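A.B. asks: Quick one: the structure is below, questions incoming.
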Amino acid sequence: MHELVEALETLAEAIDVIGVIIVLYGFVLGLVGLIKVEFRSWIGADLIAEGHQKIRLKLGTYILLGIEFMIASDIIATVLSKSIDSLIFVASLVLIRTAISFFLGKELGELATEPQAAQKT
């Protein structure tokens with residue numbers, strides 16, 4: 001039984017690291033996209049607001065995905081926690097990450113529909 005608990009703890013840590021890697025990957029993609037958009041604006045392209053919106057959508061999607069991985073890790077840690085203090089701490093983390101995930105998902109949904117609404121008018 002002890003080996004199973006250790007394996008699950010290791011799995012939870014690995015999932016957490018994967019979540020962080022996903023967020024960092026999204027950050028790098030967003031930074032590269034921002035540099036491209038800014039460079040294009042310097043040479044006269046007039047699509048800077050649209051470019052920023054696409055970057056926000058892409059970065060937000062990666063952040064949301066990374067948070068979902070971290071929530072999965074937190075759920076595993078919650079199941080394995082043995083003290084009430086650690087249970088309360090992990091439950092608080094899950095609650096905060098879930099709230100962030102919800103509102104970020106809502107904002108991304110609105111961002112994704114804005115270009116379609118603008119094209120219809």
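We label chains A, B, ... in the order they appear in the structure tokens, count residues from 1 in each chain, and number ligands from 1 in the order shown.
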Which residues come within 12 Å of region 20-37 of chain A, counting only C-alpha atoms, excluding same-chain residues fewer than 4 positions away, as a ChimeraX atom specification?
C.D. replies: /A:13-16,41-71,73
A.B. asks: Of the candidates A:Ala112, A:Ala77, A:Ile18, A:Ala7, which one gets nearest to Phe89 (chain A) if we count only C-alpha atoms?
C.D. replies: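 The answer is A:Ala77, which sits nearest to Phe89 (chain A).
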A.B. asks: Mind giving me the straight-line distance from CA of Lys106 (chain A) to CA of Ser92 (chain A) in Å, one decimal?
C.D. replies: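 Distance between the two atoms: 21.1 Å.
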